[in-house]
>>> print(open('entry-v8.txt').read())   # compact mmCIF, C-alpha atoms
# COMPACT_ATOMS: atom_id res chain seq x y z
CA MET A 1 146.33 71.91 124.25
CA LYS A 2 147.55 75.45 123.65
CA ARG A 3 147.51 74.94 119.90
CA ILE A 4 143.92 73.66 119.99
CA ALA A 5 142.87 76.60 122.17
CA SER A 6 144.55 79.04 119.80
CA GLY A 7 142.83 77.47 116.84
CA ALA A 8 139.49 77.62 118.61
CA LEU A 9 140.09 81.26 119.42
CA CYS A 10 140.96 82.09 115.81
CA ALA A 11 137.86 80.28 114.64
CA ALA A 12 135.77 82.27 117.11
CA VAL A 13 137.30 85.56 115.98
CA LEU A 14 136.72 84.61 112.37
CA CYS A 15 133.08 83.84 113.16
CA VAL A 16 132.57 87.20 114.84
CA SER A 17 134.25 88.98 111.94
CA ASN A 18 132.06 87.22 109.40
CA ALA A 19 128.96 88.03 111.45
CA ALA A 20 129.91 91.70 111.50
CA VAL A 21 130.44 91.71 107.75
CA ALA A 22 127.10 89.98 107.22
CA ALA A 23 125.13 92.52 109.30
CA THR A 24 122.24 94.05 107.39
CA ASP A 25 122.26 97.84 107.08
CA LEU A 26 118.71 99.19 107.34
CA VAL A 27 118.35 102.81 106.20
CA ILE A 28 115.45 104.65 107.83
CA ALA A 29 114.24 108.06 106.63
CA THR A 30 112.33 109.98 109.28
CA VAL A 31 111.16 113.42 110.37
CA ASN A 32 113.02 115.47 113.00
CA ASN A 33 110.39 115.61 115.73
CA GLY A 34 110.48 114.51 119.35
CA HIS A 35 108.92 111.07 119.06
CA MET A 36 111.20 110.08 116.17
CA ILE A 37 114.27 111.32 118.06
CA GLU A 38 113.16 109.18 121.00
CA MET A 39 112.74 106.18 118.68
CA GLN A 40 116.35 106.58 117.58
CA LYS A 41 117.52 106.61 121.21
CA LEU A 42 115.52 103.48 122.04
CA SER A 43 116.50 101.62 118.86
CA LYS A 44 119.49 100.23 120.75
CA PHE A 45 117.01 97.75 122.26
CA PHE A 46 116.03 96.60 118.77
CA GLU A 47 119.66 96.22 117.71
CA GLN A 48 120.48 94.25 120.86
CA ALA A 49 117.63 91.84 120.09
CA ASN A 50 118.59 91.75 116.40
CA PRO A 51 122.42 91.88 116.24
CA ASP A 52 122.32 91.02 112.54
CA ILE A 53 120.57 94.36 111.74
CA LYS A 54 122.31 97.74 111.95
CA LEU A 55 120.09 100.82 111.78
CA LYS A 56 121.17 103.88 109.82
CA TRP A 57 119.12 107.06 110.26
CA VAL A 58 118.43 109.88 107.83
CA THR A 59 116.60 112.53 109.87
CA LEU A 60 115.24 115.54 108.00
CA GLU A 61 112.92 118.52 108.35
CA GLU A 62 109.38 117.67 107.18
CA GLY A 63 109.42 119.45 103.82
CA VAL A 64 112.88 118.19 102.87
CA LEU A 65 111.96 114.66 103.96
CA ARG A 66 108.92 114.63 101.67
CA GLN A 67 110.94 115.85 98.68
CA ARG A 68 113.72 113.31 99.20
CA MET A 69 111.35 110.38 99.70
CA THR A 70 109.02 111.29 96.83
CA THR A 71 111.96 111.55 94.43
CA ASP A 72 113.52 108.30 95.65
CA ILE A 73 110.37 106.19 95.51
CA ALA A 74 109.23 107.57 92.14
CA THR A 75 112.63 106.85 90.55
CA LYS A 76 113.04 103.51 92.38
CA GLY A 77 116.27 104.92 93.81
CA GLY A 78 116.42 102.46 96.71
CA GLN A 79 118.15 104.87 99.12
CA PHE A 80 115.76 104.00 101.96
CA ASP A 81 114.48 100.73 103.40
CA VAL A 82 111.93 102.33 105.74
CA MET A 83 110.16 105.60 105.01
CA THR A 84 108.21 107.81 107.40
CA ILE A 85 105.10 108.82 105.46
CA GLY A 86 101.57 109.94 106.25
CA MET A 87 97.94 109.47 105.34
CA TYR A 88 98.33 111.55 102.20
CA GLU A 89 101.08 109.52 100.55
CA THR A 90 100.10 106.04 101.70
CA PRO A 91 96.99 105.32 99.56
CA ILE A 92 98.43 107.16 96.54
CA TRP A 93 101.75 105.32 96.64
CA ALA A 94 100.04 102.00 97.36
CA LYS A 95 97.83 102.50 94.29
CA LYS A 96 100.96 103.12 92.20
CA ASP A 97 102.40 99.83 93.54
CA TRP A 98 105.32 101.65 95.16
CA LEU A 99 104.86 100.13 98.62
CA ILE A 100 105.11 96.63 100.08
CA PRO A 101 102.04 95.75 102.19
CA ILE A 102 102.64 95.63 105.93
CA LYS A 103 102.47 92.07 107.25
CA PRO A 104 102.35 92.19 111.04
CA ASP A 105 102.77 88.98 113.02
CA ALA A 106 100.07 87.63 115.37
CA ALA A 107 101.59 89.33 118.41
CA TYR A 108 101.27 92.73 116.72
CA ASP A 109 97.46 92.81 117.22
CA VAL A 110 96.46 94.82 114.15
CA ASP A 111 92.87 95.02 115.42
CA ASP A 112 94.13 97.18 118.29
CA LEU A 113 94.85 100.01 115.82
CA LEU A 114 92.34 102.88 115.95
CA PRO A 115 89.87 102.37 113.05
CA SER A 116 90.14 105.91 111.60
CA ILE A 117 93.93 105.68 111.57
CA ARG A 118 94.04 102.15 110.17
CA ASP A 119 91.56 103.01 107.40
CA GLY A 120 93.59 106.05 106.38
CA LEU A 121 96.69 103.89 105.91
CA SER A 122 95.00 101.12 103.95
CA LEU A 123 94.00 100.47 100.35
CA ASN A 124 91.44 97.82 99.47
CA GLY A 125 91.60 96.48 103.01
CA LYS A 126 95.40 96.06 103.02
CA LEU A 127 97.60 98.01 105.45
CA TYR A 128 100.44 99.74 103.58
CA ALA A 129 101.97 101.75 106.44
CA ALA A 130 102.04 101.10 110.19
CA PRO A 131 101.17 104.11 112.37
CA PHE A 132 103.94 105.29 114.69
CA TYR A 133 101.81 108.06 116.12
CA GLY A 134 98.51 109.60 115.13
CA GLU A 135 97.26 113.09 115.65
CA SER A 136 94.49 115.57 115.18
CA SER A 137 94.59 119.26 116.04
CA MET A 138 93.25 121.10 119.07
CA ILE A 139 93.58 124.30 121.08
CA MET A 140 96.37 124.34 123.66
CA TYR A 141 96.32 127.38 125.89
CA ARG A 142 97.70 129.01 129.03
CA SER A 143 94.89 128.58 131.54
CA ASP A 144 96.51 131.09 133.92
CA LEU A 145 96.57 133.87 131.31
CA VAL A 146 93.04 133.19 130.10
CA LYS A 147 91.68 133.16 133.66
CA LYS A 148 93.55 136.35 134.56
CA ALA A 149 91.98 138.05 131.52
CA GLY A 150 88.52 137.03 132.73
CA MET A 151 87.98 134.81 129.68
CA THR A 152 87.17 131.13 129.12
CA ILE A 153 87.80 128.71 126.26
CA GLU A 154 85.25 125.93 125.89
CA ASP A 155 85.28 123.12 123.32
CA ARG A 156 84.58 124.37 119.79
CA PRO A 157 84.75 128.13 120.40
CA THR A 158 84.20 130.39 117.42
CA TRP A 159 87.18 131.90 115.63
CA ALA A 160 85.78 135.28 116.67
CA HIS A 161 86.03 134.22 120.32
CA ILE A 162 89.60 133.02 119.77
CA ARG A 163 90.45 136.49 118.42
CA ALA A 164 88.87 138.12 121.46
CA VAL A 165 90.92 135.92 123.82
CA ALA A 166 94.13 136.54 121.83
CA ALA A 167 93.58 140.30 122.07
CA LYS A 168 93.10 140.11 125.85
CA ILE A 169 96.17 137.99 126.64
CA HIS A 170 98.54 139.51 124.05
CA ASP A 171 101.37 141.09 126.06
CA PRO A 172 104.45 141.46 123.82
CA ALA A 173 106.12 143.85 126.28
CA ASN A 174 106.42 140.90 128.65
CA GLY A 175 107.26 138.38 125.93
CA VAL A 176 103.81 136.79 125.67
CA TYR A 177 101.97 136.61 122.34
CA GLY A 178 98.23 136.08 122.12
CA ILE A 179 98.36 133.22 119.63
CA CYS A 180 100.96 131.10 117.83
CA LEU A 181 100.09 129.44 114.51
CA ARG A 182 102.18 127.87 111.77
CA GLY A 183 103.33 130.38 109.17
CA LYS A 184 105.99 128.40 107.34
CA PRO A 185 104.81 127.56 103.80
CA GLY A 186 103.97 123.96 102.95
CA TRP A 187 100.94 121.77 102.41
CA GLY A 188 101.75 120.01 105.70
CA ASP A 189 102.70 123.25 107.45
CA ASN A 190 100.63 126.44 107.21
CA MET A 191 98.13 124.83 104.82
CA ALA A 192 97.26 122.04 107.28
CA LEU A 193 95.86 124.64 109.66
CA ILE A 194 94.44 127.02 107.04
CA THR A 195 92.54 124.25 105.24
CA THR A 196 90.86 123.14 108.48
CA MET A 197 89.97 126.80 109.07
CA ALA A 198 88.45 127.01 105.59
CA ASN A 199 86.51 123.79 106.23
CA SER A 200 85.03 125.28 109.39
CA PHE A 201 84.02 128.43 107.49
CA GLY A 202 82.04 126.15 105.13
CA GLY A 203 84.70 125.83 102.44
CA GLN A 204 86.33 123.01 100.51
CA LEU A 205 89.39 122.45 98.33
CA PHE A 206 87.40 121.23 95.28
CA ASP A 207 83.72 121.00 94.42
CA MET A 208 82.11 117.88 92.98
CA LYS A 209 83.37 118.81 89.50
CA TRP A 210 86.94 119.03 90.87
CA GLN A 211 86.95 122.81 90.41
CA PRO A 212 89.30 124.52 92.92
CA GLN A 213 87.48 126.73 95.43
CA PHE A 214 90.22 129.04 96.71
CA THR A 215 88.45 132.24 95.62
CA SER A 216 85.21 131.32 97.42
CA LYS A 217 83.93 133.38 100.37
CA PRO A 218 84.75 130.72 103.01
CA TRP A 219 88.42 130.72 101.92
CA LYS A 220 88.59 134.50 101.91
CA ASP A 221 87.05 134.63 105.39
CA ALA A 222 89.35 131.91 106.74
CA VAL A 223 92.60 133.33 105.34
CA GLY A 224 91.57 136.84 106.35
CA THR A 225 91.07 135.59 109.92
CA TYR A 226 94.40 133.75 109.88
CA VAL A 227 96.40 136.77 108.65
CA ASP A 228 94.62 139.10 111.08
CA LEU A 229 95.39 136.85 114.07
CA LEU A 230 99.10 136.50 113.37
CA LYS A 231 99.68 140.10 112.30
CA ASN A 232 98.02 141.51 115.39
CA PHE A 233 98.61 138.91 118.09
CA GLY A 234 101.31 136.54 116.82
CA PRO A 235 105.05 136.42 117.59
CA PRO A 236 107.57 138.17 115.34
CA GLY A 237 108.82 135.99 112.49
CA SER A 238 105.65 133.88 112.33
CA SER A 239 106.18 133.33 108.60
CA SER A 240 109.16 131.07 109.48
CA ASN A 241 107.48 129.11 112.25
CA SER A 242 106.64 125.42 111.89
CA PHE A 243 105.84 122.90 114.65
CA ASN A 244 109.26 122.77 116.29
CA GLU A 245 109.73 126.55 116.37
CA ILE A 246 106.35 127.11 118.02
CA LEU A 247 106.94 124.23 120.43
CA ALA A 248 110.08 125.98 121.63
CA LEU A 249 108.21 129.28 122.01
CA TYR A 250 105.37 127.63 123.91
CA ASN A 251 107.70 125.80 126.28
CA GLU A 252 109.38 129.13 127.05
CA GLY A 253 105.98 130.55 128.03
CA LYS A 254 105.75 132.89 125.03
CA CYS A 255 102.46 131.60 123.49
CA GLY A 256 99.10 132.33 125.06
CA MET A 257 97.34 129.93 122.65
CA TRP A 258 98.50 127.43 120.09
CA ILE A 259 96.28 125.54 117.64
CA ASP A 260 98.23 122.65 116.22
CA ALA A 261 98.88 118.92 116.36
CA THR A 262 97.60 117.08 119.44
CA ILE A 263 100.97 115.35 119.67
CA ALA A 264 102.40 118.62 121.05
CA ALA A 265 100.47 118.06 124.27
CA SER A 266 102.90 115.46 125.59
CA PHE A 267 105.81 117.91 125.20
CA ILE A 268 104.20 121.08 126.59
CA THR A 269 102.95 119.22 129.70
CA ASP A 270 106.38 117.73 130.41
CA PRO A 271 108.04 119.76 133.20
CA LYS A 272 111.46 118.66 131.90
CA GLN A 273 110.78 120.49 128.65
CA SER A 274 108.18 123.13 129.45
CA LYS A 275 108.33 126.10 131.83
CA VAL A 276 104.52 126.26 131.79
CA ALA A 277 103.76 122.53 132.04
CA ASP A 278 101.38 123.03 134.97
CA LYS A 279 99.50 125.89 133.28
CA VAL A 280 98.36 124.16 130.08
CA ALA A 281 94.73 123.43 129.22
CA PHE A 282 93.04 122.00 126.12
CA ALA A 283 89.89 122.48 124.05
CA GLN A 284 88.55 121.20 120.74
CA SER A 285 89.43 123.23 117.63
CA PRO A 286 87.58 126.45 116.76
CA VAL A 287 84.69 126.65 114.30
CA ALA A 288 82.97 129.31 112.23
CA VAL A 289 79.83 127.79 110.65
CA THR A 290 80.46 124.03 110.98
CA GLU A 291 82.43 121.48 112.99
CA ARG A 292 83.10 119.43 109.85
CA GLY A 293 86.78 119.30 109.04
CA ALA A 294 87.60 121.79 111.81
CA ASN A 295 90.45 119.62 113.07
CA TRP A 296 92.81 117.59 110.96
CA LEU A 297 93.64 113.88 111.02
CA TRP A 298 97.14 112.56 110.40
CA ALA A 299 99.41 109.67 111.24
CA TRP A 300 103.18 109.60 110.83
CA SER A 301 103.73 106.02 109.79
CA LEU A 302 106.44 103.62 108.71
CA ALA A 303 106.31 102.04 105.26
CA ILE A 304 108.50 99.85 103.07
CA PRO A 305 109.20 101.07 99.52
CA LYS A 306 109.28 98.40 96.82
CA SER A 307 112.85 99.54 96.11
CA SER A 308 113.99 98.56 99.63
CA LYS A 309 117.10 96.39 99.60
CA GLN A 310 116.15 94.80 102.94
CA PRO A 311 112.35 94.32 103.02
CA GLU A 312 112.38 91.51 105.62
CA ALA A 313 114.55 93.45 108.06
CA ALA A 314 112.39 96.52 107.39
CA GLN A 315 109.26 94.58 108.31
CA LYS A 316 110.87 93.33 111.49
CA PHE A 317 111.83 96.87 112.52
CA ILE A 318 108.38 98.31 111.72
CA ASN A 319 106.68 95.58 113.75
CA TRP A 320 108.89 96.52 116.71
CA ALA A 321 108.60 100.31 116.43
CA THR A 322 104.80 100.39 116.09
CA SER A 323 103.95 97.63 118.57
CA LYS A 324 102.19 97.74 121.95
CA GLU A 325 105.49 96.57 123.42
CA TYR A 326 107.29 99.64 122.05
CA ILE A 327 104.74 101.94 123.71
CA LYS A 328 105.36 100.12 127.01
CA LEU A 329 109.12 100.49 126.48
CA VAL A 330 108.77 104.27 126.10
CA ALA A 331 106.58 104.35 129.22
CA LYS A 332 109.22 102.43 131.15
CA GLU A 333 112.12 104.57 129.94
CA THR A 334 110.59 108.07 129.96
CA GLY A 335 107.09 107.82 131.47
CA TRP A 336 103.54 107.22 130.26
CA ALA A 337 102.95 110.90 129.47
CA THR A 338 105.59 110.76 126.71
CA VAL A 339 104.47 107.66 124.77
CA PRO A 340 103.56 108.01 121.07
CA THR A 341 99.78 108.29 120.98
CA GLY A 342 96.91 108.27 118.53
CA THR A 343 97.47 104.77 117.17
CA ARG A 344 96.14 102.10 119.54
CA LYS A 345 92.98 101.50 121.54
CA SER A 346 95.05 99.87 124.28
CA THR A 347 96.96 103.11 124.93
CA TYR A 348 93.77 105.00 125.80
CA ALA A 349 92.52 102.02 127.81
CA SER A 350 95.65 102.11 129.97
CA PRO A 351 94.93 103.55 133.45
CA GLU A 352 98.60 104.55 133.73
CA PHE A 353 98.37 106.59 130.53
CA VAL A 354 95.09 108.30 131.41
CA LYS A 355 96.45 109.19 134.84
CA ALA A 356 99.79 110.52 133.55
CA ALA A 357 98.55 112.35 130.45
CA LYS A 358 96.12 115.13 131.32
CA PHE A 359 95.62 115.68 127.59
CA ALA A 360 94.44 112.09 126.95
CA THR A 361 90.69 112.81 126.86
CA ALA A 362 90.98 115.91 124.65
CA GLU A 363 93.39 114.20 122.27
CA GLY A 364 91.25 111.07 121.98
CA LYS A 365 88.15 113.18 121.28
CA ALA A 366 89.91 115.20 118.58
CA ILE A 367 91.21 112.10 116.79
CA ALA A 368 87.78 110.45 116.96
CA THR A 369 86.15 113.46 115.27
CA GLY A 370 88.52 113.49 112.28
CA ARG A 371 86.40 112.23 109.37
CA PRO A 372 88.35 112.05 106.09
CA ASN A 373 85.20 111.02 104.21
CA GLN A 374 83.03 113.83 105.64
CA SER A 375 85.37 116.76 106.07
CA THR A 376 83.41 119.55 104.38
CA LEU A 377 79.94 121.08 104.69
CA PRO A 378 79.20 120.89 100.95
CA PRO A 379 79.79 117.48 99.34
CA SER A 380 83.35 116.98 98.10
CA PRO A 381 84.81 114.37 95.73
CA TYR A 382 88.00 113.78 97.72
CA ILE A 383 89.11 111.94 100.86
CA GLY A 384 91.09 113.89 103.43
CA VAL A 385 90.54 116.63 105.98
CA GLN A 386 93.51 119.01 105.58
CA PHE A 387 94.45 117.59 102.17
CA ALA A 388 92.89 115.89 99.16
CA SER A 389 94.29 112.43 98.53
CA ILE A 390 95.12 112.99 94.86
CA PRO A 391 98.65 113.21 93.39
CA GLU A 392 98.06 116.79 92.18
CA PHE A 393 97.39 118.10 95.67
CA GLN A 394 101.03 118.17 96.75
CA ALA A 395 101.99 120.75 94.11
CA ILE A 396 98.78 122.71 94.73
CA GLY A 397 99.32 122.68 98.49
CA VAL A 398 102.93 123.86 98.17
CA ALA A 399 101.90 126.73 95.84
CA ALA A 400 99.04 127.67 98.15
CA GLY A 401 101.30 127.64 101.21
CA GLN A 402 103.72 130.05 99.56
CA GLN A 403 100.92 132.47 98.75
CA MET A 404 99.50 132.30 102.28
CA THR A 405 102.93 133.21 103.65
CA ALA A 406 103.20 136.04 101.13
CA ALA A 407 99.86 137.38 102.38
CA LEU A 408 101.06 137.10 105.97
CA LEU A 409 104.17 139.10 105.09
CA GLY A 410 102.06 141.73 103.33
CA LYS A 411 103.64 141.08 99.92
CA VAL A 412 100.19 140.44 98.45
CA THR A 413 96.64 140.94 99.69
CA VAL A 414 94.56 137.97 100.85
CA ASP A 415 92.44 138.23 97.69
CA GLN A 416 95.53 138.33 95.47
CA ALA A 417 97.05 135.32 97.25
CA LEU A 418 93.88 133.29 96.77
CA GLU A 419 93.51 134.33 93.12
CA ILE A 420 97.10 133.24 92.36
CA THR A 421 96.47 129.96 94.23
CA GLN A 422 93.25 129.40 92.28
CA GLN A 423 95.08 129.83 88.98
CA ALA A 424 97.88 127.45 90.01
CA ALA A 425 95.35 124.85 91.17
CA ASP A 426 93.37 125.19 87.96
CA ARG A 427 96.51 124.53 85.89
CA GLU A 428 97.37 121.40 87.90
CA MET A 429 93.83 120.01 87.67
CA ARG A 430 93.64 120.60 83.93
CA LYS A 431 97.06 118.99 83.49
CA GLY A 432 95.80 116.04 85.55
CA GLY A 433 92.81 115.62 83.22
CA TYR A 434 90.11 116.35 85.81
CA TYR A 435 88.42 118.76 83.37
CA LYS A 436 89.28 120.69 80.20
>>> encode(input="entry-v8.txt", output="structure tokens")
Amino acid sequence: MKRIASGALCAAVLCVSNAAVAATDLVIATVNNGHMIEMQKLSKFFEQANPDIKLKWVTLEEGVLRQRMTTDIATKGGQFDVMTIGMYETPIWAKKDWLIPIKPDAAYDVDDLLPSIRDGLSLNGKLYAAPFYGESSMIMYRSDLVKKAGMTIEDRPTWAHIRAVAAKIHDPANGVYGICLRGKPGWGDNMALITTMANSFGGQLFDMKWQPQFTSKPWKDAVGTYVDLLKNFGPPGSSSNSFNEILALYNEGKCGMWIDATIAASFITDPKQSKVADKVAFAQSPVAVTERGANWLWAWSLAIPKSSKQPEAAQKFINWATSKEYIKLVAKETGWATVPTGTRKSTYASPEFVKAAKFATAEGKAIATGRPNQSTLPPSPYIGVQFASIPEFQAIGVAAGQQMTAALLGKVTVDQALEITQQAADREMRKGGYYK
């Protein structure tokens, strides 16, 4: 009997050992923001349900992530099985046949995805990336400071009114700055905000002949306003600030106003993270001459590169991480106010979410008004609000972002920054064959 038991035990150990060896390693590249960090914490639930899949995370700052992923997918490097990409990359990479279409199962309920978000992640009716969270941009402000200054902020205030409020509440001696805006260079960093500003001033990235428009009056007015705001009423070191840096400043009570991604609302209203959680209010993004393109539209999404070594496991993980069930899991573990938003109708239809998230209405309104096909006052040939969905835009946006930061630092004038950007954009567009 003992010998049989011993043999059975050895067989069992051997089975476990073989199972461990056979486990699939799934490499996921993602951005280092709060919702993705939370996904990593909760991924233990996925691994428990799928013991044959082991998740390996590569978490990077936004700009570095884009560089690494773009290089890997273009060279078919196969380093990553799941990539975190956005509305800019998805249709371009799908058109190049670099992505595997997303194939959700019946339980996934693809029709529950918000139409504007789903459309932005599709090509020819096929979904090529599943949205993890969606966002627009809006004004987030300290209601106590604004009230004390005798001011108000309604939906769609003018940029001139925003400047007036910033001037009133700016109190650097007590560690409070009138306004915080992204200053770090990058097409997804400072240029995301500046392009929406230019849109609202009546500008566009390219005219119908694909000619860059950076030296136009709307761009000069928008960038002049941006530089003026941060130089006079922004925190020191604004040229280095991206989302996470400003989030930390805001949660410490150092920002009177912040115009940025709606996704920030769940963090700045969380008393565990924010010292001013009970003093936050929201309004729709500022305008100058038009509401068109005044607030951006984006979705951080999960996609499978064609070079993935584990496409089936990748699909299984994506279905889990972007499902209604995942949103409920986050709600159960950390509360409804912290769930990833901007992706599903059912989230905004949830009474628990609406009750817990005081930003729900403002966020939903901002996302609904993002129109990638109608983002500028004059007609434009491109799709996208804060970007143009063409391969050349990434290089143009990076060059533009560097010049905007240079103008903020006083290394060049606003006019010089825009002239240099115009020349760089013209070179890229000629190289791309848009005109001679």
>>> residues_around(input="entry-v8.txt", residues="segment 404-411 of chain A", least_positions_apart="6", cutoff="9 Å", atoms="all atoms listed in the file", output="PDB file with C-alpha atoms, in the coordinates of the input")
ATOM      1  CA  GLY A 183     103.330 130.380 109.170  1.00  0.00           C
ATOM      2  CA  LYS A 184     105.990 128.400 107.340  1.00  0.00           C
ATOM      3  CA  PRO A 185     104.810 127.560 103.800  1.00  0.00           C
ATOM      4  CA  ASN A 190     100.630 126.440 107.210  1.00  0.00           C
ATOM      5  CA  MET A 191      98.130 124.830 104.820  1.00  0.00           C
ATOM      6  CA  ILE A 194      94.440 127.020 107.040  1.00  0.00           C
ATOM      7  CA  VAL A 223      92.600 133.330 105.340  1.00  0.00           C
ATOM      8  CA  TYR A 226      94.400 133.750 109.880  1.00  0.00           C
ATOM      9  CA  VAL A 227      96.400 136.770 108.650  1.00  0.00           C
ATOM     10  CA  ASP A 228      94.620 139.100 111.080  1.00  0.00           C
ATOM     11  CA  LEU A 230      99.100 136.500 113.370  1.00  0.00           C
ATOM     12  CA  LYS A 231      99.680 140.100 112.300  1.00  0.00           C
ATOM     13  CA  SER A 238     105.650 133.880 112.330  1.00  0.00           C
ATOM     14  CA  SER A 239     106.180 133.330 108.600  1.00  0.00           C
ATOM     15  CA  SER A 240     109.160 131.070 109.480  1.00  0.00           C
ATOM     16  CA  ALA A 417      97.050 135.320  97.250  1.00  0.00           C
ATOM     17  CA  LEU A 418      93.880 133.290  96.770  1.00  0.00           C
ATOM     18  CA  THR A 421      96.470 129.960  94.230  1.00  0.00           C
TER      19      THR A 421
END
>>> closest_atom_pairs(input="entry-v8.txt", of="segment 231-262 of chain A", to="segment 357-379 of chain A", cutoff="12 Å", atoms="only C-alpha atoms", output="CSV")
residue,atom,partner,partner_atom,distance
A:Asp260,CA,A:Ala366,CA,11.4
A:Ala261,CA,A:Glu363,CA,9.3
A:Thr262,CA,A:Glu363,CA,5.8
>>> closest_residue(input="entry-v8.txt", among="A:Ala222, A:Trp300, A:Gln213, A:Thr347", to="Gln423 of chain A", atoms="only C-alpha atoms")
A:Gln213
>>> closest_residue(input="entry-v8.txt", among="A:Lys316, A:Lys309, A:Arg66, A:Lys126", to="Phe80 of chain A", atoms="all atoms listed in the file")
A:Lys309
>>> residues_around(input="entry-v8.txt", residues="Pro381 of chain A", least_positions_apart="3", cutoff="9 Å", atoms="only C-alpha atoms", output="ChimeraX atom specification")
/A:206-210,388
>>> write_last_selection(input="entry-v8.txt", atoms="C-alpha atoms", output="PDB file, in the coordinates of the input")
ATOM      1  CA  PHE A 206      87.400 121.230  95.280  1.00  0.00           C
ATOM      2  CA  ASP A 207      83.720 121.000  94.420  1.00  0.00           C
ATOM      3  CA  MET A 208      82.110 117.880  92.980  1.00  0.00           C
ATOM      4  CA  LYS A 209      83.370 118.810  89.500  1.00  0.00           C
ATOM      5  CA  TRP A 210      86.940 119.030  90.870  1.00  0.00           C
ATOM      6  CA  ALA A 388      92.890 115.890  99.160  1.00  0.00           C
TER       7      ALA A 388
END
>>> closest_residue(input="entry-v8.txt", among="A:Lys96, A:Leu205, A:Gly256, A:Pro131", to="Val165 of chain A", atoms="all atoms listed in the file")
A:Gly256
